[in-house]
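The block underneath contains the structure these notes are about, expressed in structure tokens.
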Amino acid sequence: MSDFRKVTEQVSVSPQISTADIDTALADGFTLIINNRPDGEEAGQPTNESLATYAQGKGLAWAFIPIAGGNLTLEAIESTSFALRDNDKVLAYCRTGTRSCNLWGLAAAFTASVDPADIIEKANTAGYDLTGLAPTLQHLHSSAG
């Protein structure tokens with residue numbers, strides 16, 4: 001059963017997905033899935049290649065933007081912002097959904113598409129606490145443009 005958590009009209013995040021979740025994402029109208037989970041993070045975890053191949057075979061776009069631990073790099077933030085810019089409905093996942101939500105928030109601040117207070121509120125509504133990122137969100141948002 002899928003655990004897609006709606007953050008915005010465009011973005012949902014999720015813990016680890018399966019092929020059944022990909023089918024659900026397709027039925028729910030998602031156009032892109034972003035995998036933020038590095039291969040081999042946990043025993044028995046599906047590989048990026050196996051899920052990407054399945055999703056692409058169903059007509060879903062796929063992006064692999066792996067984040068190990070808390071290493072949220074500027075490159076990952078930029079890659080996420082480009083992926084969000086080019087897709088209407090996106091599902092991002094990692095082990096618990098936290099890294100994916102953090103990365104969405106940083107990308108939204110980086111592009112100044114969402115105010116930092118709104119980023120924190122939207123994440124909180126989806127069940128994720130981004131208050132620790134508030135200074136970084138504010139810095140990225142004020143530097144955008």
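Labels used: A, B, ... for chains in the order of the structure tokens, numbers from 1 for residues in each chain, and numbers from 1 for ligands as shown.
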Which residues, written as a count of residues only, have at least one atom at most 10 Å from Asn87 of chain A, with only C-alpha atoms counted and residues fewer than 6 positions away on the same chain left out?
-> 7
Find the residues near Ala76 of chain A: any atom within 12 Å, counting only C-alpha atoms, skip ones fewer than 3 places away on the same chain, and give them as a list in words.
-> Ile34, Asn35, Asn36, Ala63, Phe64, Ile65, Pro66, Ile67, Ala68, Gly70, Asn71, Leu72, Thr73, Ser79, Thr80, Ser81, Phe82, Ala83, Arg99, Ser100, Asn102, Leu103, Trp104, Gly105, Leu106, Ala107 and Phe110 of chain A
Can those selected residues be exported to a file as a CSV table (one decimal), in the first residue's frame so that it contains N, CA and C atoms?
chain,number,residue,atom,x,y,z
A,34,ILE,N,11.2,10.7,-8.6
A,34,ILE,CA,12.6,11.0,-8.2
A,34,ILE,C,13.0,10.0,-7.1
A,35,ASN,N,14.1,9.3,-7.4
A,35,ASN,CA,14.6,8.4,-6.4
A,35,ASN,C,15.8,9.1,-5.7
A,36,ASN,N,15.6,9.4,-4.4
A,36,ASN,CA,16.6,10.1,-3.6
A,36,ASN,C,17.4,9.1,-2.8
A,63,ALA,N,14.0,10.1,-12.4
A,63,ALA,CA,15.3,10.8,-12.1
A,63,ALA,C,15.9,10.1,-10.9
A,64,PHE,N,17.2,10.0,-10.9
A,64,PHE,CA,18.0,9.4,-9.8
A,64,PHE,C,18.9,10.5,-9.2
A,65,ILE,N,18.5,11.0,-8.1
A,65,ILE,CA,19.2,12.1,-7.4
A,65,ILE,C,19.5,11.5,-6.0
A,66,PRO,N,20.5,10.6,-5.9
A,66,PRO,CA,20.7,10.0,-4.6
A,66,PRO,C,21.3,10.9,-3.5
A,67,ILE,N,20.8,10.8,-2.3
A,67,ILE,CA,21.3,11.6,-1.2
A,67,ILE,C,21.7,10.6,-0.1
A,68,ALA,N,23.0,10.6,0.2
A,68,ALA,CA,23.5,9.7,1.3
A,68,ALA,C,23.5,10.4,2.6
A,70,GLY,N,22.7,12.9,5.3
A,70,GLY,CA,22.3,14.3,5.3
A,70,GLY,C,23.0,15.1,4.3
A,71,ASN,N,23.7,14.5,3.3
A,71,ASN,CA,24.5,15.2,2.4
A,71,ASN,C,23.7,15.9,1.3
A,72,LEU,N,23.0,16.9,1.6
A,72,LEU,CA,22.1,17.6,0.6
A,72,LEU,C,23.0,18.7,-0.1
A,73,THR,N,23.5,18.3,-1.2
A,73,THR,CA,24.4,19.1,-2.0
A,73,THR,C,23.7,20.2,-2.9
A,79,SER,N,19.5,19.9,-9.4
A,79,SER,CA,18.9,18.8,-10.2
A,79,SER,C,17.4,18.7,-9.8
A,80,THR,N,17.1,18.8,-8.6
A,80,THR,CA,15.7,18.7,-8.1
A,80,THR,C,14.9,19.9,-8.7
A,81,SER,N,15.4,21.1,-8.6
A,81,SER,CA,14.7,22.2,-9.1
A,81,SER,C,14.4,22.1,-10.6
A,82,PHE,N,15.4,21.6,-11.4
A,82,PHE,CA,15.1,21.4,-12.8
A,82,PHE,C,14.1,20.3,-13.0
A,83,ALA,N,14.1,19.3,-12.3
A,83,ALA,CA,13.1,18.2,-12.4
A,83,ALA,C,11.7,18.7,-12.1
A,99,ARG,N,14.4,12.8,3.5
A,99,ARG,CA,15.4,13.4,2.6
A,99,ARG,C,14.7,14.0,1.4
A,100,SER,N,13.7,13.3,0.9
A,100,SER,CA,13.0,13.8,-0.3
A,100,SER,C,12.2,15.1,0.0
A,102,ASN,N,13.0,17.2,2.5
A,102,ASN,CA,14.0,18.2,2.7
A,102,ASN,C,14.5,18.8,1.4
A,103,LEU,N,14.8,17.9,0.4
A,103,LEU,CA,15.3,18.3,-0.9
A,103,LEU,C,14.3,19.1,-1.6
A,104,TRP,N,13.0,18.7,-1.6
A,104,TRP,CA,12.0,19.6,-2.2
A,104,TRP,C,12.0,21.0,-1.6
A,105,GLY,N,12.1,21.1,-0.2
A,105,GLY,CA,12.0,22.4,0.4
A,105,GLY,C,13.2,23.2,0.0
A,106,LEU,N,14.4,22.6,0.0
A,106,LEU,CA,15.6,23.4,-0.4
A,106,LEU,C,15.5,23.8,-1.9
A,107,ALA,N,15.0,23.0,-2.8
A,107,ALA,CA,14.8,23.3,-4.2
A,107,ALA,C,13.8,24.5,-4.3
A,110,PHE,N,15.5,27.6,-3.2
A,110,PHE,CA,16.5,27.9,-4.1
A,110,PHE,C,16.0,28.6,-5.4
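The closest residue to Ile77 of chain A, picked from A:Leu51, A:Val90, A:Cys101, A:Ile22 and counting only C-alpha atoms, is A:Cys101.
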May I ask which of the residues A:Leu91, A:Gly44, A:Gly57, A:Thr8 is the closest one to Asp28 of chain A, counting only C-alpha atoms?
->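 Going through A:Leu91, A:Gly44, A:Gly57, A:Thr8 one by one, the smallest distance to Asp28 of chain A is for A:Leu91.
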Could you work out how far atom CA of Leu26 of chain A lies from atom CA of Asp88 of chain A, giving the answer in Å with one decimal?
-> 12.8 Å
From segment 15-140 of chain A, collect each residue whose DSSP state is strand (DSSP E or B) and return the set as a count of residues only.
-> 12
Any idea what the distance is between atom CA of Ser50 of chain A and atom CA of Arg85 of chain A?
-> 25.5 Å
